[in-house]
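Peer 1: Shown below is the structure under consideration.
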Amino acid sequence: MALELKGVTKRVGAIQHIKETSLLLEPGHFNVLLGATGSGKTSLIKLMAGLDPMASGQVLMDGEDVSRLSTQKRNISLVHQFFINYPHMTVFENIASPLKVAGMAKSEIEGRVEEAAAILQLKPMLHRRPHELSGGQQQRCALARAIAKESRAVFLDEPLANLDYKLREELRDQLPELFAGRGAVVVYATSEPEEALLLGGKTALMRGGRVTQFGPTAEIYRNPGNVDAARVFSDPPINTAEITKQGSMARLGAGVTWELSGAAAGLADGTYTIAIRPHHVLPVAKNGAHVQLSGQVQVTELSGSESSAHFDMGSGSWVSLAHGVHPYQVGELHDFYMDPAQAYFFAPDGSRAA
Amino acid sequence: MQKRSIVPIVYILFLMLPIYWLVAMSFKTTNEILSGFSLFPQTFTLDNYATIFTDPSWYWGYINSILYVSINTVISIAVALPAAYAFSRYRFLGDKQLFFWLLTNRMAPAAVFALPFFQLYSAVELFDTHLAVALAHCLFNIPLAVWILEGFMGGVPKELDETAFVDGYSFPRFFATIFVPSIKAGVGVAAFFCFMFSWVELLLAKTLTAVAAKPIAATMTKTASSAGYELGLLAAAGTLTIIPGAIVIWFVRNYIAKGFAMGRV
């Protein structure tokens, strides 16, 4: 089973909600749609589920064009951010409902419900109604319904967003094994980069109704294709600055210059945006971190094993994140050292240059 | 007993007084009613009720009323359910205006519609049938039911619809087996109000019927006979008209408060 989008667009009136999108989603791992609220994750899921009409393009399942197939006939499952269960049915009936609609034999339904309930620890609650369950149990019930159905594709639209911190971690750790080996394409929408990294698999970055980068999650982290992708997986936020390249030298602001190496050295002369993660900007020179920056310390944070400092270089504020405890004085002028080999270079239009 | 419970008790007694008086009168003879003031029936009699339950011209009044009220409630809810779903789930040109226009139907006095309905139903030979009254009352009850149901449907997330479609439910099956059961409180409240408005409406019911579908309220006017007013009989008839409403209230008592909380009752 594979789910493929070919040039899919969605339009409401004059506004294009989903710009031309092509994706090949495969089973065996999580396919994460990662983007901020309003970036089009839910819209894209609704197109794949057939709940909203496409303006153009095709949705293929296993090579078969399902664009004109109704939602009911696509054999898919959907778990929403809100805990959606049928309020007047018991947990058992809820999990059984898609099977019952499909006309499955009673004994087989019971077997599947039992199995799904066991995996999601819902067995003691099978005869309760959804409103008698906690939020986490309600969402587990919705997940059990999706698992019991054994559909071709499972869409999880921010399923953990409305759960409290502890439950979210618990369920998130369970999710990959829930769907492992079931052969279904799992699409998981989230606005939290951390979730994408923890779930692994592949990630499609979404922004403004467009997939800006798609690939293995770790690969996107290591090799962001554009400024936005670089910004996504970074907490504290990634440091960016404008540099001027001339010959083999790069110049940042007034006084910082260094010699370029690797792919960056081959770039045409001009201005670029560099992005470098906070843990490659350190308060001491070591390893590759040798380009000296100097700035006024504004905010410092200690988290036991790590210390971070926000410092103002005059041309903008950067963050340094280093292991161990480093004593900073707010207001003092402190030297920091960045590792230029770890910097990403982006052209003025935001695309990756080196 | 606490001091503060005195005020509501006095208020409830004040409200119940006319009802008590009606019930007490129904067990008195007309002579006793006319002879003066008595708190309890001096000579307790069930004759008034016996008359109503044995005389077809009396008990058919109740049967007629219950028939057209039931028909009306069924039609109103059956029509209002899909209409309310459309208002609650879809945006279409003029939807808000249409919704408001529906409500304005309740603003016109019933008397305005009495003549056109009388003329129309006479022409199509619906006059003096239960269906005539039931249809006429739809004019008021469908907008009301749409208004109440739309409020309850608005409380059901659209994601429930989507989940059901994804799970394989066809629209009719989803509507009947998932959606309506999840707003059954709203259906109960809407049915209650349709029932009550139709039950107490007199003008249209009286204008559109003659003999075959004569409502109880119209029957009650015949007690002014040559022998004078049969007040005991009238009181017994009045007491019996309270009962259907009381029964319906018993069934929806838990839902009404929910309707009030939504601001749709």
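Identifiers in this document derive from the order of the structure tokens: chains are assigned A, B, ..., residues are numbered from 1 separately in each chain, and ligands are numbered from 1 in order of occurrence.
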Quick one: contact table of chain B to chain A, 10 Å max, nearest atom pair and distance in Å to one decimal per residue, counting only C-alpha atoms, chain and number order, as JSON lines?
Peer 2:
```
{"residue": "B:Val156", "atom": "CA", "partner": "A:Pro87", "partner_atom": "CA", "distance": 10.0}
{"residue": "B:Pro157", "atom": "CA", "partner": "A:Ile84", "partner_atom": "CA", "distance": 8.3}
{"residue": "B:Lys158", "atom": "CA", "partner": "A:Ile84", "partner_atom": "CA", "distance": 9.8}
{"residue": "B:Glu159", "atom": "CA", "partner": "A:Ile84", "partner_atom": "CA", "distance": 6.9}
{"residue": "B:Leu160", "atom": "CA", "partner": "A:Ile84", "partner_atom": "CA", "distance": 6.0}
{"residue": "B:Asp161", "atom": "CA", "partner": "A:Ile84", "partner_atom": "CA", "distance": 9.6}
{"residue": "B:Glu162", "atom": "CA", "partner": "A:Leu51", "partner_atom": "CA", "distance": 7.0}
{"residue": "B:Thr163", "atom": "CA", "partner": "A:Leu78", "partner_atom": "CA", "distance": 6.4}
{"residue": "B:Ala164", "atom": "CA", "partner": "A:Pro98", "partner_atom": "CA", "distance": 8.2}
{"residue": "B:Phe165", "atom": "CA", "partner": "A:Gln72", "partner_atom": "CA", "distance": 5.5}
{"residue": "B:Val166", "atom": "CA", "partner": "A:Gln72", "partner_atom": "CA", "distance": 5.5}
{"residue": "B:Asp167", "atom": "CA", "partner": "A:Pro98", "partner_atom": "CA", "distance": 4.8}
{"residue": "B:Gly168", "atom": "CA", "partner": "A:Gln72", "partner_atom": "CA", "distance": 4.1}
{"residue": "B:Tyr169", "atom": "CA", "partner": "A:Gln72", "partner_atom": "CA", "distance": 6.4}
{"residue": "B:Ser170", "atom": "CA", "partner": "A:Gln72", "partner_atom": "CA", "distance": 6.9}
{"residue": "B:Phe171", "atom": "CA", "partner": "A:Gln72", "partner_atom": "CA", "distance": 9.5}
{"residue": "B:Arg173", "atom": "CA", "partner": "A:Val101", "partner_atom": "CA", "distance": 9.3}
{"residue": "B:Thr177", "atom": "CA", "partner": "A:His88", "partner_atom": "CA", "distance": 9.6}
{"residue": "B:Ile178", "atom": "CA", "partner": "A:Tyr86", "partner_atom": "CA", "distance": 6.8}
{"residue": "B:Phe179", "atom": "CA", "partner": "A:Tyr86", "partner_atom": "CA", "distance": 8.7}
{"residue": "B:Pro181", "atom": "CA", "partner": "A:His88", "partner_atom": "CA", "distance": 6.6}
{"residue": "B:Ser182", "atom": "CA", "partner": "A:His88", "partner_atom": "CA", "distance": 6.1}
{"residue": "B:Ile183", "atom": "CA", "partner": "A:His88", "partner_atom": "CA", "distance": 9.5}
{"residue": "B:Lys184", "atom": "CA", "partner": "A:His88", "partner_atom": "CA", "distance": 9.6}
```
Peer 1: Quick one: everything within 10 Å of B:Leu204, counting only C-alpha atoms, minus sequence neighbours fewer than 4 positions away in the same chain. Send it as a PyMOL selection string.
Peer 2: chain B and resi 110-115+117-118+132-134+136-137+198+208-209
Peer 1: Save the residues we just selected, C-alpha atoms, as an mmCIF file, in the first residue's frame?
Peer 2:
```
data_model
loop_
_atom_site.group_PDB
_atom_site.id
_atom_site.type_symbol
_atom_site.label_atom_id
_atom_site.label_comp_id
_atom_site.auth_asym_id
_atom_site.auth_seq_id
_atom_site.Cartn_x
_atom_site.Cartn_y
_atom_site.Cartn_z
ATOM 1 C CA ALA B 110 -52.245 33.377 14.120
ATOM 2 C CA ALA B 111 -55.383 35.327 13.238
ATOM 3 C CA VAL B 112 -53.590 36.697 10.166
ATOM 4 C CA PHE B 113 -53.350 33.200 8.726
ATOM 5 C CA ALA B 114 -56.805 31.955 9.760
ATOM 6 C CA LEU B 115 -58.656 33.281 6.726
ATOM 7 C CA PHE B 117 -55.867 28.743 5.581
ATOM 8 C CA PHE B 118 -59.654 28.406 5.827
ATOM 9 C CA ALA B 132 -55.452 20.510 8.156
ATOM 10 C CA VAL B 133 -54.792 21.634 11.718
ATOM 11 C CA ALA B 134 -51.481 19.756 11.871
ATOM 12 C CA ALA B 136 -51.440 24.877 9.787
ATOM 13 C CA HIS B 137 -49.556 24.544 13.068
ATOM 14 C CA SER B 198 -50.038 22.948 19.045
ATOM 15 C CA LEU B 208 -60.212 24.859 10.415
ATOM 16 C CA THR B 209 -62.514 22.264 11.971
#
```
Peer 1: Name the residues of stretch 143-265 of chain B that fall into strand (DSSP E) according to DSSP on the backbone, using the chain letters and numbers of this document, as a list in words.
Peer 2: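 Taking stretch 143-265 of chain B and keeping strand (DSSP E) gives Ala224, Ser225, Gly228 and Tyr229 of chain B.
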Peer 1: Just to confirm, what's the straight-line distance from atom CA of B:Val200 to atom CA of B:Ser65 in Å (one decimal)?
Peer 2: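 For atom CA of B:Val200 relative to atom CA of B:Ser65, the distance reads 9.7 Å.
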Peer 1: Could you tell me how far atom CA of B:Ile19 lies from atom CA of B:Trp199, in Å and to one decimal?
Peer 2: 17.6 Å
Peer 1: Which residues are close to stretch 306-314 of chain A, i.e. within 12 Å by only C-alpha atoms, leaving aside same-chain residues fewer than 3 positions away? Reply as a ChimeraX atom specification.
Peer 2: /A:235-241,252-256,278-283,292-303,317-336
Peer 1: Rank nothing, just name the residue among B:Thr129, B:Thr43, B:Cys138, B:Arg91 nearest to B:Glu201, using only C-alpha atoms.
Peer 2: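 The closest residue to B:Glu201 is B:Cys138.
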Peer 1: Would you mind listing what lies within 7 Å of A:Met61 as a list of chain:residue names, with only C-alpha atoms counted and same-chain residues fewer than 5 positions away left out?
Peer 2: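 Listed by chain and then number, they are A:Met1, A:Ala2, A:Leu3, A:Glu4, A:Val66.
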Peer 1: Identify, with DSSP run on backbone atoms, the residues in stretch 155-215 of chain A assigned to helix (DSSP H, G or I), and express the list as a PyMOL selection string.
Peer 2: chain A and resi 165-179+193-199
Peer 1: Residues as selected, C-alpha atoms, written as a tab-separated table (two decimals), in the first residue's frame, can you do that?
Peer 2:
```
chain	number	residue	atom	x	y	z
A	165	TYR	CA	1.91	16.55	29.02
A	166	LYS	CA	2.29	13.18	30.69
A	167	LEU	CA	-0.41	11.39	28.69
A	168	ARG	CA	1.00	12.88	25.51
A	169	GLU	CA	4.43	11.38	26.16
A	170	GLU	CA	2.93	8.04	27.09
A	171	LEU	CA	0.77	7.78	23.99
A	172	ARG	CA	3.46	9.16	21.71
A	173	ASP	CA	5.85	6.41	22.78
A	174	GLN	CA	3.15	3.85	22.02
A	175	LEU	CA	2.11	5.19	18.63
A	176	PRO	CA	4.88	3.80	16.40
A	177	GLU	CA	4.43	0.24	17.70
A	178	LEU	CA	0.65	0.53	17.37
A	179	PHE	CA	0.88	0.80	13.64
A	193	PRO	CA	8.98	19.61	15.57
A	194	GLU	CA	9.98	17.62	18.64
A	195	GLU	CA	7.19	15.12	17.93
A	196	ALA	CA	8.38	14.68	14.36
A	197	LEU	CA	11.91	13.93	15.56
A	198	LEU	CA	10.70	11.49	18.21
A	199	LEU	CA	8.40	9.63	15.84
```
Peer 1: What's around B:Ala83 at 12 Å? Count only C-alpha atoms, leave out sequence neighbours fewer than 3 positions away in its own chain, and write the answer as a list in words.
Peer 2: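 Neighbouring residues, sequence-local ones excluded: Ser76, Ile77, Ala78, Val79, Ala80, Ala86, Phe87, Ser88, Arg89, Tyr90, Asp95, Leu98, Phe99, Leu102, Ile142, Pro143, Leu144, Ala145, Val146, Trp147, Ile148, Leu149, Glu150 and Met153 of chain B.
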Peer 1: Nearest to A:Arg207: which of A:Gly304, A:Ala184, A:Ile15, A:Val232 is it, counting only C-alpha atoms?
Peer 2: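 Of all the options, A:Val232 lies closest to A:Arg207.
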